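Next up, work.tsv (TSV, C-alpha atoms):
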chain	number	residue	atom	x	y	z
A	1	MET	CA	-68.80	-68.85	-164.14
A	2	LEU	CA	-71.02	-67.67	-161.31
A	3	ILE	CA	-72.14	-69.99	-158.51
A	4	ALA	CA	-74.09	-68.43	-155.66
A	5	GLY	CA	-74.91	-70.82	-152.84
A	6	PHE	CA	-76.51	-70.54	-149.43
A	7	PRO	CA	-77.79	-72.92	-146.71
A	8	ALA	CA	-81.55	-72.74	-146.26
A	9	GLY	CA	-84.13	-73.68	-143.70
A	10	ALA	CA	-84.32	-75.99	-140.74
A	11	TRP	CA	-81.95	-78.55	-142.29
A	12	GLY	CA	-79.33	-76.13	-143.66
A	13	THR	CA	-79.71	-77.51	-147.17
A	14	ASN	CA	-77.43	-75.91	-149.73
A	15	CYS	CA	-79.24	-74.18	-152.59
A	16	TYR	CA	-77.18	-73.10	-155.61
A	17	LEU	CA	-77.75	-70.66	-158.46
A	18	VAL	CA	-75.47	-71.34	-161.42
A	19	ALA	CA	-74.90	-69.06	-164.43
A	20	PRO	CA	-72.18	-68.37	-167.00
A	21	ALA	CA	-71.80	-64.90	-165.45
A	22	ALA	CA	-73.68	-62.18	-163.58
A	23	GLY	CA	-76.53	-60.67	-165.54
A	24	GLU	CA	-77.31	-63.87	-167.47
A	25	GLU	CA	-79.69	-66.81	-167.32
A	26	CYS	CA	-79.24	-69.34	-164.50
A	27	VAL	CA	-80.41	-72.67	-163.14
A	28	ILE	CA	-81.42	-73.16	-159.52
A	29	ILE	CA	-80.34	-76.35	-157.78
A	30	ASP	CA	-82.32	-77.70	-154.78
A	31	PRO	CA	-84.47	-74.83	-153.49
A	32	GLY	CA	-85.39	-76.44	-150.18
A	33	HIS	CA	-87.10	-75.42	-146.96
A	34	GLN	CA	-87.42	-71.62	-146.68
A	35	ALA	CA	-85.15	-71.10	-149.71
A	36	ALA	CA	-87.47	-68.85	-151.76
A	37	ARG	CA	-86.37	-65.60	-150.12
A	38	GLY	CA	-82.69	-66.46	-150.50
A	39	VAL	CA	-83.25	-67.35	-154.16
A	40	GLU	CA	-84.91	-63.98	-154.84
A	41	ASP	CA	-82.12	-62.13	-153.04
A	42	ALA	CA	-79.44	-63.91	-155.10
A	43	LEU	CA	-81.31	-63.32	-158.36
A	44	GLU	CA	-81.53	-59.62	-157.61
A	45	LYS	CA	-77.94	-59.30	-156.39
A	46	HIS	CA	-76.46	-60.99	-159.46
A	47	ARG	CA	-79.11	-59.82	-161.98
A	48	LEU	CA	-79.97	-63.38	-162.97
A	49	LYS	CA	-82.93	-64.80	-164.88
A	50	PRO	CA	-83.82	-68.40	-163.94
A	51	VAL	CA	-84.72	-70.84	-166.71
A	52	ALA	CA	-85.11	-74.05	-164.67
A	53	VAL	CA	-84.97	-75.69	-161.26
A	54	VAL	CA	-83.01	-78.95	-161.13
A	55	LEU	CA	-83.21	-81.34	-158.18
A	56	THR	CA	-80.64	-83.81	-156.89
A	57	HIS	CA	-83.40	-85.80	-155.17
A	58	GLY	CA	-86.91	-85.52	-153.79
A	59	HIS	CA	-86.53	-85.15	-150.01
A	60	ILE	CA	-88.50	-82.23	-148.60
A	61	ASP	CA	-85.38	-80.42	-147.40
A	62	HIS	CA	-84.33	-80.13	-151.07
A	63	VAL	CA	-87.68	-79.48	-152.77
A	64	ALA	CA	-89.84	-77.54	-150.29
A	65	SER	CA	-89.58	-74.26	-152.22
A	66	VAL	CA	-89.90	-75.71	-155.73
A	67	VAL	CA	-93.56	-74.73	-156.19
A	68	PRO	CA	-93.17	-71.05	-155.20
A	69	VAL	CA	-89.85	-70.62	-157.04
A	70	CYS	CA	-91.07	-72.25	-160.26
A	71	GLY	CA	-94.39	-70.43	-160.03
A	72	ALA	CA	-92.81	-67.02	-159.51
A	73	HIS	CA	-90.64	-67.37	-162.61
A	74	ASP	CA	-92.71	-69.73	-164.80
A	75	VAL	CA	-89.91	-72.29	-165.12
A	76	PRO	CA	-89.92	-76.12	-165.10
A	77	ALA	CA	-88.52	-78.40	-162.42
A	78	TRP	CA	-86.34	-81.37	-163.37
A	79	ILE	CA	-86.31	-84.48	-161.14
A	80	HIS	CA	-85.59	-88.19	-161.56
A	81	PRO	CA	-88.83	-90.19	-162.04
A	82	ASP	CA	-88.08	-92.45	-159.06
A	83	ASP	CA	-88.26	-89.44	-156.70
A	84	ARG	CA	-91.04	-87.47	-158.36
A	85	TYR	CA	-93.72	-88.74	-155.94
A	86	MET	CA	-91.88	-87.13	-153.03
A	87	MET	CA	-92.88	-83.62	-154.09
A	88	SER	CA	-96.54	-84.45	-153.45
A	89	ASP	CA	-96.08	-86.94	-150.59
A	90	PRO	CA	-93.02	-85.91	-148.52
A	91	GLU	CA	-94.03	-87.88	-145.44
A	92	LYS	CA	-94.13	-91.16	-147.40
A	93	ALA	CA	-90.57	-90.46	-148.49
A	94	LEU	CA	-89.45	-90.13	-144.88
A	95	GLY	CA	-91.41	-93.02	-143.41
A	96	ARG	CA	-92.74	-90.73	-140.68
A	97	SER	CA	-94.47	-87.40	-140.13
A	98	ILE	CA	-92.21	-84.38	-140.45
A	99	GLY	CA	-94.43	-82.50	-138.01
A	100	MET	CA	-97.59	-80.47	-138.45
A	101	PRO	CA	-96.07	-77.07	-137.49
A	102	LEU	CA	-93.38	-77.51	-140.14
A	103	MET	CA	-95.84	-78.86	-142.68
A	104	GLY	CA	-97.84	-75.66	-142.24
A	105	GLU	CA	-94.93	-73.71	-143.72
A	106	LEU	CA	-94.65	-75.82	-146.87
A	107	THR	CA	-96.30	-75.74	-150.27
A	108	VAL	CA	-96.54	-79.45	-151.01
A	109	GLY	CA	-97.11	-80.60	-154.57
A	110	GLU	CA	-95.70	-80.35	-158.07
A	111	PRO	CA	-95.10	-77.17	-160.03
A	112	ASP	CA	-97.03	-76.75	-163.27
A	113	ASP	CA	-94.17	-78.08	-165.43
A	114	VAL	CA	-92.19	-81.14	-164.32
A	115	LYS	CA	-89.56	-82.77	-166.53
A	116	GLU	CA	-87.84	-86.06	-165.77
A	117	LEU	CA	-84.09	-86.61	-165.61
A	118	THR	CA	-82.36	-89.51	-167.33
A	119	ASP	CA	-79.00	-91.03	-166.42
A	120	GLY	CA	-76.17	-90.11	-168.75
A	121	THR	CA	-77.89	-87.19	-170.42
A	122	THR	CA	-76.66	-83.59	-170.61
A	123	LEU	CA	-78.98	-80.72	-169.76
A	124	ARG	CA	-78.20	-77.67	-171.87
A	125	LEU	CA	-79.74	-74.85	-169.90
A	126	ALA	CA	-78.78	-71.19	-169.42
A	127	GLY	CA	-75.65	-71.63	-171.52
A	128	LEU	CA	-74.49	-74.46	-169.22
A	129	GLU	CA	-73.97	-78.16	-169.83
A	130	LEU	CA	-74.99	-80.17	-166.77
A	131	SER	CA	-74.21	-83.88	-167.02
A	132	VAL	CA	-76.70	-86.06	-165.16
A	133	ALA	CA	-75.61	-89.21	-163.31
A	134	HIS	CA	-78.15	-91.43	-161.55
A	135	ALA	CA	-76.72	-92.10	-158.08
A	136	PRO	CA	-79.15	-94.11	-155.92
A	137	GLY	CA	-78.37	-94.98	-152.34
A	138	HIS	CA	-79.69	-92.00	-150.41
A	139	THR	CA	-82.93	-92.25	-152.41
A	140	LYS	CA	-83.85	-94.34	-155.45
A	141	GLY	CA	-83.92	-91.26	-157.67
A	142	SER	CA	-80.85	-89.41	-156.43
A	143	VAL	CA	-78.73	-87.81	-159.15
A	144	THR	CA	-75.63	-85.65	-159.39
A	145	PHE	CA	-74.96	-82.79	-161.77
A	146	GLY	CA	-71.52	-82.26	-163.28
A	147	LEU	CA	-70.01	-79.21	-164.93
A	148	PRO	CA	-66.93	-79.70	-167.11
A	149	GLU	CA	-63.66	-77.90	-166.58
A	150	ALA	CA	-63.56	-74.46	-168.18
A	151	ALA	CA	-60.95	-71.76	-168.65
A	152	ASP	CA	-61.57	-70.19	-165.25
A	153	ILE	CA	-62.88	-73.11	-163.18
A	154	PRO	CA	-62.04	-76.73	-162.36
A	155	PRO	CA	-64.68	-79.41	-162.97
A	156	ILE	CA	-67.58	-79.24	-160.51
A	157	LEU	CA	-69.85	-81.93	-159.05
A	158	PHE	CA	-73.14	-80.98	-157.44
A	159	SER	CA	-73.35	-84.14	-155.37
A	160	GLY	CA	-76.64	-83.69	-153.52
A	161	ASP	CA	-76.68	-86.09	-150.58
A	162	LEU	CA	-74.40	-88.64	-152.20
A	163	LEU	CA	-71.06	-87.26	-151.01
A	164	PHE	CA	-70.26	-84.74	-148.27
A	165	ALA	CA	-67.02	-83.36	-146.89
A	166	GLY	CA	-65.89	-86.26	-144.71
A	167	SER	CA	-69.06	-88.31	-145.00
A	168	ILE	CA	-71.96	-89.50	-147.17
A	169	GLY	CA	-75.74	-89.29	-147.10
A	170	ARG	CA	-77.85	-91.39	-144.78
A	171	THR	CA	-79.33	-94.65	-146.05
A	172	ASP	CA	-81.88	-95.46	-143.31
A	173	LEU	CA	-84.90	-93.70	-144.83
A	174	PRO	CA	-87.32	-95.31	-147.34
A	175	GLY	CA	-85.51	-95.92	-150.60
A	176	GLY	CA	-82.08	-95.76	-148.98
A	177	ASP	CA	-79.67	-98.62	-149.57
A	178	MET	CA	-76.06	-98.84	-148.44
A	179	ASP	CA	-75.01	-101.22	-151.21
A	180	GLU	CA	-76.45	-98.86	-153.81
A	181	MET	CA	-74.76	-95.95	-152.09
A	182	LEU	CA	-71.36	-97.60	-152.26
A	183	ASP	CA	-71.94	-98.55	-155.88
A	184	SER	CA	-72.87	-94.95	-156.71
A	185	LEU	CA	-69.77	-93.64	-154.95
A	186	ALA	CA	-67.61	-96.04	-156.95
A	187	ARG	CA	-69.31	-95.40	-160.27
A	188	VAL	CA	-69.92	-91.64	-160.04
A	189	CYS	CA	-67.22	-90.24	-157.76
A	190	LEU	CA	-64.12	-92.39	-158.01
A	191	PRO	CA	-63.53	-91.81	-161.76
A	192	LEU	CA	-63.51	-88.02	-161.32
A	193	ASP	CA	-60.32	-85.99	-161.36
A	194	ASP	CA	-58.91	-85.04	-157.96
A	195	SER	CA	-59.34	-81.37	-158.83
A	196	THR	CA	-63.12	-81.73	-159.09
A	197	VAL	CA	-64.84	-79.36	-156.67
A	198	VAL	CA	-67.68	-81.04	-154.77
A	199	LEU	CA	-70.63	-78.83	-153.87
A	200	SER	CA	-72.87	-81.00	-151.76
A	201	GLY	CA	-76.37	-80.80	-150.35
A	202	HIS	CA	-75.16	-80.06	-146.82
A	203	GLY	CA	-71.98	-78.67	-145.34
A	204	PRO	CA	-68.87	-77.08	-146.87
A	205	GLN	CA	-67.38	-77.62	-150.29
A	206	THR	CA	-64.57	-80.09	-150.77
A	207	THR	CA	-62.71	-81.80	-153.62
A	208	ILE	CA	-62.64	-85.34	-154.92
A	209	GLY	CA	-58.93	-85.49	-154.14
A	210	ARG	CA	-59.50	-84.55	-150.50
A	211	GLU	CA	-62.34	-87.04	-150.14
A	212	ARG	CA	-60.38	-89.78	-151.90
A	213	ALA	CA	-57.63	-89.33	-149.34
A	214	THR	CA	-59.66	-88.75	-146.16
A	215	ASN	CA	-63.33	-89.76	-146.53
A	216	PRO	CA	-63.72	-93.20	-144.88
A	217	TYR	CA	-66.52	-94.24	-147.25
A	218	LEU	CA	-64.78	-93.25	-150.44
A	219	ARG	CA	-61.60	-94.94	-149.19
A	220	GLN	CA	-63.66	-98.02	-148.35
A	221	VAL	CA	-65.05	-98.13	-151.88
A	222	ALA	CA	-61.64	-97.59	-153.45
A	223	ALA	CA	-60.29	-100.49	-151.41
A	224	GLY	CA	-63.19	-102.72	-152.44
A	225	GLN	CA	-64.36	-103.30	-148.89
A	226	GLY	CA	-67.89	-104.20	-147.79
A	227	ALA	CA	-70.61	-101.88	-146.55
A	228	GLN	CA	-70.80	-100.24	-143.16
A	229	GLU	CA	-73.50	-97.92	-141.89
A	230	ALA	CA	-73.13	-94.22	-142.66
A	231	PRO	CA	-73.60	-91.46	-140.10
A	232	ARG	CA	-76.87	-89.59	-140.40
A	233	ARG	CA	-76.40	-86.45	-142.45
A	234	GLY	CA	-79.02	-84.69	-144.47
A	235	MET	CA	-82.64	-85.84	-144.60
Can I see the file as structure tokens?
Amino acid sequence: MLIAGFPAGAWGTNCYLVAPAAGEECVIIDPGHQAARGVEDALEKHRLKPVAVVLTHGHIDHVASVVPVCGAHDVPAWIHPDDRYMMSDPEKALGRSIGMPLMGELTVGEPDDVKELTDGTTLRLAGLELSVAHAPGHTKGSVTFGLPEAADIPPILFSGDLLFAGSIGRTDLPGGDMDEMLDSLARVCLPLDDSTVVLSGHGPQTTIGRERATNPYLRQVAAGQGAQEAPRRGM
């Protein structure tokens, strides 16, 4: 298994390229602000051929490079239908302007081929099996992608802005909801094995076991406690 990840752009959003091995087909997860150059560098370094872009949610810091990346390689983008509008109208998704200078650097809109994600399905792409779990709370259309355990790797969760090392995604933007966030944490994260590696939308990797033991929000959910406001991480 090959996973090449790097933080991109003004928000340091993690973009991942995932393939069975170097020299094979891959999927690209969350090519955000100023990620196109990093994607091309990783493709060249590892001799990868992209077959799809898959998106954990629609915020501009995760989708800003979707149009140029999909266009350069003639591949589709997969997104949950509840977040699809954000690719064409990022400011509506944030409830405020993200700033004209920054907007001038973005290619806003949909790529030529957009496919919609469905909860509970498995995407079979590039020799991988990515399980899709709808996980609203940060946005209405947030999802996670899971990879099963294999001979050389533990199970992996691409958590987007649902779960971070030590924290969770913010819920104060349009479509955010703390009750939904806590429900998603309980439904999507708590059942996972402690060995599951969490590769999130921002910050370092962690494991479910570490977060179960130390993350105040995951501990809160496990204890069945009520909601409290999350710190602001991600967009």
Find the residue from A:Thr139, A:Ser159, A:Asn14, A:Thr207 that sits nearest to Pro174 (chain A); use only C-alpha atoms when measuring. A:Thr139
Within 9 Å of region 109-124 of chain A, counting all atoms listed in the file, which residues qualify if same-chain residues fewer than 4 places away don't, as a VMD selection string? chain A and resid 54 64 66 to 71 74 to 81 84 to 89 128 to 135 143
Do you know which residues are at most 12 Å from region 220-225 of chain A counting all atoms listed in the file, after dropping those on the same chain fewer than 4 positions away, and could you put them as a VMD selection string? chain A and resid 167 to 168 178 to 191 211 to 216 229 to 230
Interatomic distance (Å, one decimal) between CA of Val53 (chain A) and CA of Leu147 (chain A):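 The value is 15.8 Å.
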Can you tell me which residues surround region 42-49 of chain A at a distance of at most 9 Å, considering all atoms listed in the file, apart from same-chain residues fewer than 5 positions away, and format the answer as a PyMOL selection string? chain A and resi 2+4-5+17+19+21-27+37+73+126
Could you list, as a ChimeraX atom specification, every residue within 10 Å of Val197 (chain A), counting only C-alpha atoms and ignoring same-chain residues fewer than 2 positions away? /A:146-147,153-159,192-195,199-200,205-210
Enumerate, as a PyMOL selection string, the protein, DNA and RNA residues whose atoms approach (-84.2, -72.0, -145.6) to within 10 Å, taking into account all atoms listed in the file and the coordinate frame of the file. chain A and resi 6-15+31-39+61-62+64-65
Could you pull out every residue with an atom within 6 Å of (-90.3, -88.8, -151.8), file coordinates, counting only C-alpha atoms, and send them as a list in words? Gly58, His59, Asp83, Tyr85, Met86, Pro90 and Ala93 of chain A
Quick one: what's the axis-aligned box for region 69-84 of chain A, all listed atoms, 4 Å on every side, centre and edges in Å to one decimal, as JSON?
{"center_x": -90.0, "center_y": -79.7, "center_z": -160.9, "size_x": 16.8, "size_y": 33.4, "size_z": 16.4}
So how far away is CA of Gly160 (chain A) from CA of His202 (chain A), in Å?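 Calculated distance between CA of His202 (chain A) and CA of Gly160 (chain A) is 7.8 Å.
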How many Å lie between CA of Lys92 (chain A) and CA of Ala72 (chain A), rounded to one decimal?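 Atom-to-atom, CA of Lys92 (chain A) and CA of Ala72 (chain A) are spaced 27.0 Å apart.
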Which is closest to Gly176 (chain A) among A:Leu162, A:Ala150, A:Leu125, A:Val18, if we use all atoms listed in the file? A:Leu162
Selected residue of minimal separation from Leu55 (chain A) among A:Ile29, A:Glu149, A:Leu173, A:Glu91, counting only C-alpha atoms: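 The shortest atom-to-atom distance to Leu55 (chain A) comes from A:Ile29.
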